[in-house]
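Below is one structure; the comments refer to it alone.
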Amino acid sequence: MPDFLKMGIVLMLVGMVATAVLAMTESATRAPIAEAKRQETLRILKSVLPEGFDNEPDVDTVTFADKRLNRREKPVTFYRGRKGATNLGVAFVVTAPDGYSGDIELMMSVNPDGSINLVQVVSHAETPGLGDKIVKTDWPLAFKGKTQENVKWGVKKDGGDFDQFAGATITPRAVVAAVKRGLDFFVEKKEAIFQPATGEKKP
Amino acid sequence: MSELTSREIVVNGFWHNNGIFVQLLGMCPTLAVTTSAENGVGMGLATMFVLMGSNMVVSMIRSIIPSDVRIPAYIIVIAAFVTIIDLSMNAYVHDLHKVLGIFIPLIVVNCIILGRAESFASKNSVFKAALDGIFTGLGFTFALFVLGSVRELLGAGTWFEMPVLGSSFHPSLVFVLPPGAFIALGFILVGVRWFNQRGDSAS
């Protein structure tokens, strides 16, 4: 057998075996990965949504796409927490595109009366020790109970009511602006956001 | 390379030929991931599993691979193991997977792994190749653990996220940032060389 043929056949065999093993691994881990992701979402939702919901917010969802939620108008999933027929609140992810380094994703939850329940950072790449205080301190608690009217939206440096950090203004400014945009969107679309799901729409 | 005893393989892999401290291979994950002790250990163990698996398979197939195509064949084997680790970690240790994220696929191009496959596994029995993989991997883990600990202690004042240096200690942020990785590694290398040479002159 010519050498080049042998080489080709051997490489092909190695590739085929590797592919087969990977296919088996993928099918074995697909369910656990989906479950782990779901648990993670549920955990965040539990910590963000008002207490006492008795539905499954990760299934009771609706999606919207809007410039205010993220710049690229990617569809955003709204997770609705309800107790029986009462709306307790809704949680959704807004993206701040203007942080110090990359996008900052925030999970915010809003009560039906248009006040913010909680804001939690989902992912960011801000400078450790400076901008990442949005995660490592209880700074996000400052958003609790805020509505469009009862606070001046902006960091103190810009004449608003929210603290910035020493040495890091850009990150809090971006977060405050993103939360405000999310809140504006919520107030405008409140009816549609809480509309009961008509037929199961998979996100 | 003459026949090595198991004991020599263990000592060489872990210390005398330590991938980081002596050979300075695999700098990309070493410098990027070691912002904390936990990250270092996680990355090290993931690399160890890949190294052990790829060493064993390379040793098993060493007689049927034509030497002209051995490198692509090794790369396929390594890439398959990395993907298996990636999927398994995503499924079973989801949180660690989120932290190590993009660095897991990069294990493929870690030169320690291809280096061991080429220089050791392709010339030795399966048992010895596995032993070499485990202890080279442990040596790598140990190096990442040391570097991660130093950087976390100096840069954040914590160790495995427990505060150990009191509040009077002011963490120096630079150690968590990329330049700190080079600085810390440089001083650790000085320490390791000093320790090794001291032993040489004494004996």
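FYI, nothing fancy with the structure tokens labels: chains A, B, ... in order, residues from 1 per chain, ligands from 1 as they appear.
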Compile the residues of chain B that lie within 10 Å of chain A, evaluated using only C-alpha atoms, and express the compilation as a PyMOL selection string. chain B and resi 35+61+64-70+72-74+76-81+83-85+87-95+155-156+171-174+176-177
Which residues come within 6 Å of stretch 69-79 of chain A, counting only C-alpha atoms, excluding same-chain residues fewer than 4 positions away, as a PyMOL selection string? chain A and resi 57-58+61-65+90-92+94-95+182
Show which residues sit within 9 Å of A:Val176, as a tab-separated table (two decimals) with C-alpha atoms, in the first residue's frame. Count only C-alpha atoms, and ignore same-chain residues fewer than 5 positions away.
chain	number	residue	atom	x	y	z
A	96	ALA	CA	-25.30	47.94	29.42
A	143	PHE	CA	-32.09	50.33	43.20
A	153	TRP	CA	-31.54	58.78	37.71
A	154	GLY	CA	-27.81	59.17	37.33
A	155	VAL	CA	-24.65	58.95	39.43
A	162	PHE	CA	-26.69	57.01	42.88
A	171	THR	CA	-19.30	51.34	35.39
A	181	ARG	CA	-33.89	52.08	30.14
Gap from atom CA of B:Val50 to atom CA of B:Arg151 - Å, one decimal: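 Pair atom CA of B:Val50 / atom CA of B:Arg151 returns 25.5 Å.
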Could you please write out, as a list in words, every residue of stretch 50-84 of chain A that DSSP assigns to strand (DSSP E)?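 Going through stretch 50-84 of chain A, the strand (DSSP E) residues come out as Thr61, Val62, Thr63, Phe64, Val76, Thr77, Phe78, Tyr79, Arg80, Gly81, Arg82 and Lys83 of chain A.
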Excluding A:Ala125 and its own-chain neighbours fewer than 5 positions away, which residues fall within 10 Å of it when counting only C-alpha atoms? Please give them as a PyMOL selection string. chain A and resi 99-105+131-132
Find the residue from B:Arg198, B:His170, B:Arg7, B:Arg193 that sits nearest to B:Thr158; use only C-alpha atoms when measuring. B:His170
To one decimal place in Å, what is the distance between atom CA of B:Leu165 and atom CA of B:Leu153? 7.6 Å
Taking the backbone alone, and naming residues the way the document does, which bits of stretch 19-170 of chain B are alpha helix (DSSP H) by DSSP, as an mmCIF file with C-alpha atoms, in the first residue's frame?
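Done, and the output landed in result-v5.cif:
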data_model
loop_
_atom_site.group_PDB
_atom_site.id
_atom_site.type_symbol
_atom_site.label_atom_id
_atom_site.label_comp_id
_atom_site.auth_asym_id
_atom_site.auth_seq_id
_atom_site.Cartn_x
_atom_site.Cartn_y
_atom_site.Cartn_z
ATOM 1 C CA MET B 27 2.088 30.096 29.668
ATOM 2 C CA CYS B 28 -1.289 31.107 28.235
ATOM 3 C CA PRO B 29 -3.503 29.297 30.758
ATOM 4 C CA THR B 30 -0.905 29.798 33.473
ATOM 5 C CA LEU B 31 -0.938 33.549 33.308
ATOM 6 C CA ALA B 32 -4.554 34.099 32.354
ATOM 7 C CA VAL B 33 -6.385 31.780 34.731
ATOM 8 C CA ALA B 37 -6.195 29.720 43.949
ATOM 9 C CA GLU B 38 -9.478 28.041 43.096
ATOM 10 C CA ASN B 39 -9.242 28.866 39.391
ATOM 11 C CA GLY B 40 -5.682 27.589 39.284
ATOM 12 C CA VAL B 41 -6.571 24.252 40.845
ATOM 13 C CA GLY B 42 -9.620 23.820 38.608
ATOM 14 C CA MET B 43 -7.649 24.509 35.458
ATOM 15 C CA GLY B 44 -4.786 22.309 36.638
ATOM 16 C CA LEU B 45 -7.017 19.319 37.322
ATOM 17 C CA ALA B 46 -8.830 19.671 34.008
ATOM 18 C CA THR B 47 -5.470 19.737 32.242
ATOM 19 C CA MET B 48 -4.306 16.724 34.224
ATOM 20 C CA PHE B 49 -7.238 14.613 33.047
ATOM 21 C CA VAL B 50 -6.633 15.596 29.448
ATOM 22 C CA LEU B 51 -2.933 14.875 29.817
ATOM 23 C CA MET B 52 -3.498 11.464 31.339
ATOM 24 C CA GLY B 53 -6.091 10.470 28.736
ATOM 25 C CA SER B 54 -4.161 11.728 25.741
ATOM 26 C CA ASN B 55 -0.911 10.178 26.961
ATOM 27 C CA MET B 56 -2.584 6.780 27.351
ATOM 28 C CA VAL B 57 -4.264 6.851 23.952
ATOM 29 C CA VAL B 58 -1.136 8.121 22.199
ATOM 30 C CA SER B 59 0.856 5.340 23.827
ATOM 31 C CA MET B 60 -1.741 2.761 22.762
ATOM 32 C CA ARG B 70 1.658 11.621 14.093
ATOM 33 C CA ILE B 71 1.182 15.299 15.030
ATOM 34 C CA PRO B 72 -2.290 15.666 13.439
ATOM 35 C CA ALA B 73 -3.290 12.349 14.972
ATOM 36 C CA TYR B 74 -2.162 13.506 18.434
ATOM 37 C CA ILE B 75 -4.006 16.789 18.015
ATOM 38 C CA ILE B 76 -7.230 14.937 17.197
ATOM 39 C CA VAL B 77 -6.814 12.760 20.289
ATOM 40 C CA ILE B 78 -6.091 15.769 22.508
ATOM 41 C CA ALA B 79 -8.943 17.820 21.067
ATOM 42 C CA ALA B 80 -11.348 14.930 21.649
ATOM 43 C CA PHE B 81 -10.328 14.660 25.303
ATOM 44 C CA VAL B 82 -10.613 18.409 25.822
ATOM 45 C CA THR B 83 -14.122 18.418 24.389
ATOM 46 C CA ILE B 84 -15.097 15.527 26.648
ATOM 47 C CA ILE B 85 -13.779 17.445 29.673
ATOM 48 C CA ASP B 86 -15.500 20.613 28.501
ATOM 49 C CA LEU B 87 -18.886 18.906 28.166
ATOM 50 C CA SER B 88 -18.544 16.969 31.425
ATOM 51 C CA MET B 89 -17.547 20.041 33.408
ATOM 52 C CA ASN B 90 -20.397 22.000 31.913
ATOM 53 C CA ALA B 91 -22.774 19.241 32.992
ATOM 54 C CA TYR B 92 -21.464 18.379 36.455
ATOM 55 C CA HIS B 94 -21.358 24.102 36.066
ATOM 56 C CA ASP B 95 -20.133 26.969 38.265
ATOM 57 C CA LEU B 96 -16.449 26.200 37.808
ATOM 58 C CA HIS B 97 -17.086 25.788 34.106
ATOM 59 C CA LYS B 98 -18.532 29.281 33.969
ATOM 60 C CA VAL B 99 -15.382 30.707 35.577
ATOM 61 C CA LEU B 100 -12.876 28.792 33.456
ATOM 62 C CA CYS B 111 2.135 22.827 24.610
ATOM 63 C CA ILE B 112 2.716 20.716 27.709
ATOM 64 C CA ILE B 113 0.185 18.201 26.430
ATOM 65 C CA LEU B 114 1.500 17.892 22.899
ATOM 66 C CA GLY B 115 5.020 17.960 24.332
ATOM 67 C CA ARG B 116 4.386 14.981 26.588
ATOM 68 C CA ALA B 117 2.597 13.083 23.803
ATOM 69 C CA GLU B 118 5.505 13.635 21.425
ATOM 70 C CA SER B 119 8.467 13.234 23.753
ATOM 71 C CA VAL B 126 0.623 2.717 28.409
ATOM 72 C CA PHE B 127 1.239 2.412 32.131
ATOM 73 C CA LYS B 128 4.257 4.685 32.108
ATOM 74 C CA ALA B 129 2.516 7.156 29.829
ATOM 75 C CA ALA B 130 -0.441 7.327 32.216
ATOM 76 C CA LEU B 131 1.895 7.790 35.181
ATOM 77 C CA ASP B 132 3.746 10.524 33.356
ATOM 78 C CA GLY B 133 0.471 12.223 32.454
ATOM 79 C CA ILE B 134 -0.807 12.152 36.014
ATOM 80 C CA PHE B 135 2.350 13.536 37.570
ATOM 81 C CA THR B 136 3.114 16.105 34.899
ATOM 82 C CA GLY B 137 -0.509 17.171 35.374
ATOM 83 C CA LEU B 138 -0.140 17.303 39.140
ATOM 84 C CA GLY B 139 3.018 19.347 38.764
ATOM 85 C CA PHE B 140 1.121 21.731 36.524
ATOM 86 C CA THR B 141 -1.741 21.887 39.031
ATOM 87 C CA PHE B 142 0.699 22.547 41.852
ATOM 88 C CA ALA B 143 2.338 25.378 39.904
ATOM 89 C CA LEU B 144 -1.007 26.984 39.079
ATOM 90 C CA PHE B 145 -2.081 26.570 42.698
ATOM 91 C CA VAL B 146 1.036 28.344 43.996
ATOM 92 C CA LEU B 147 0.766 31.136 41.466
ATOM 93 C CA GLY B 148 -2.977 31.522 42.031
ATOM 94 C CA SER B 149 -2.522 31.594 45.814
ATOM 95 C CA VAL B 150 0.172 34.254 45.665
ATOM 96 C CA ARG B 151 -1.846 36.431 43.317
ATOM 97 C CA GLU B 152 -5.065 36.045 45.282
ATOM 98 C CA LEU B 153 -3.347 36.767 48.612
ATOM 99 C CA LEU B 154 -1.518 39.852 47.386
ATOM 100 C CA GLY B 155 -4.173 41.072 45.003
ATOM 101 C CA ALA B 156 -7.340 40.515 47.006
#
Extract, using only C-alpha atoms, all DNA, RNA and protein residues at most 6 Å from stretch 41-52 of chain A, discarding same-chain residues fewer than 3 positions from it, and format them as JSON, numbers by chain. {"A": [38, 109, 118]}
8 Å contact set for A:Asn55, only C-alpha atoms, chain neighbours under 4 positions out, as a PyMOL selection string: chain A and resi 60+81-84
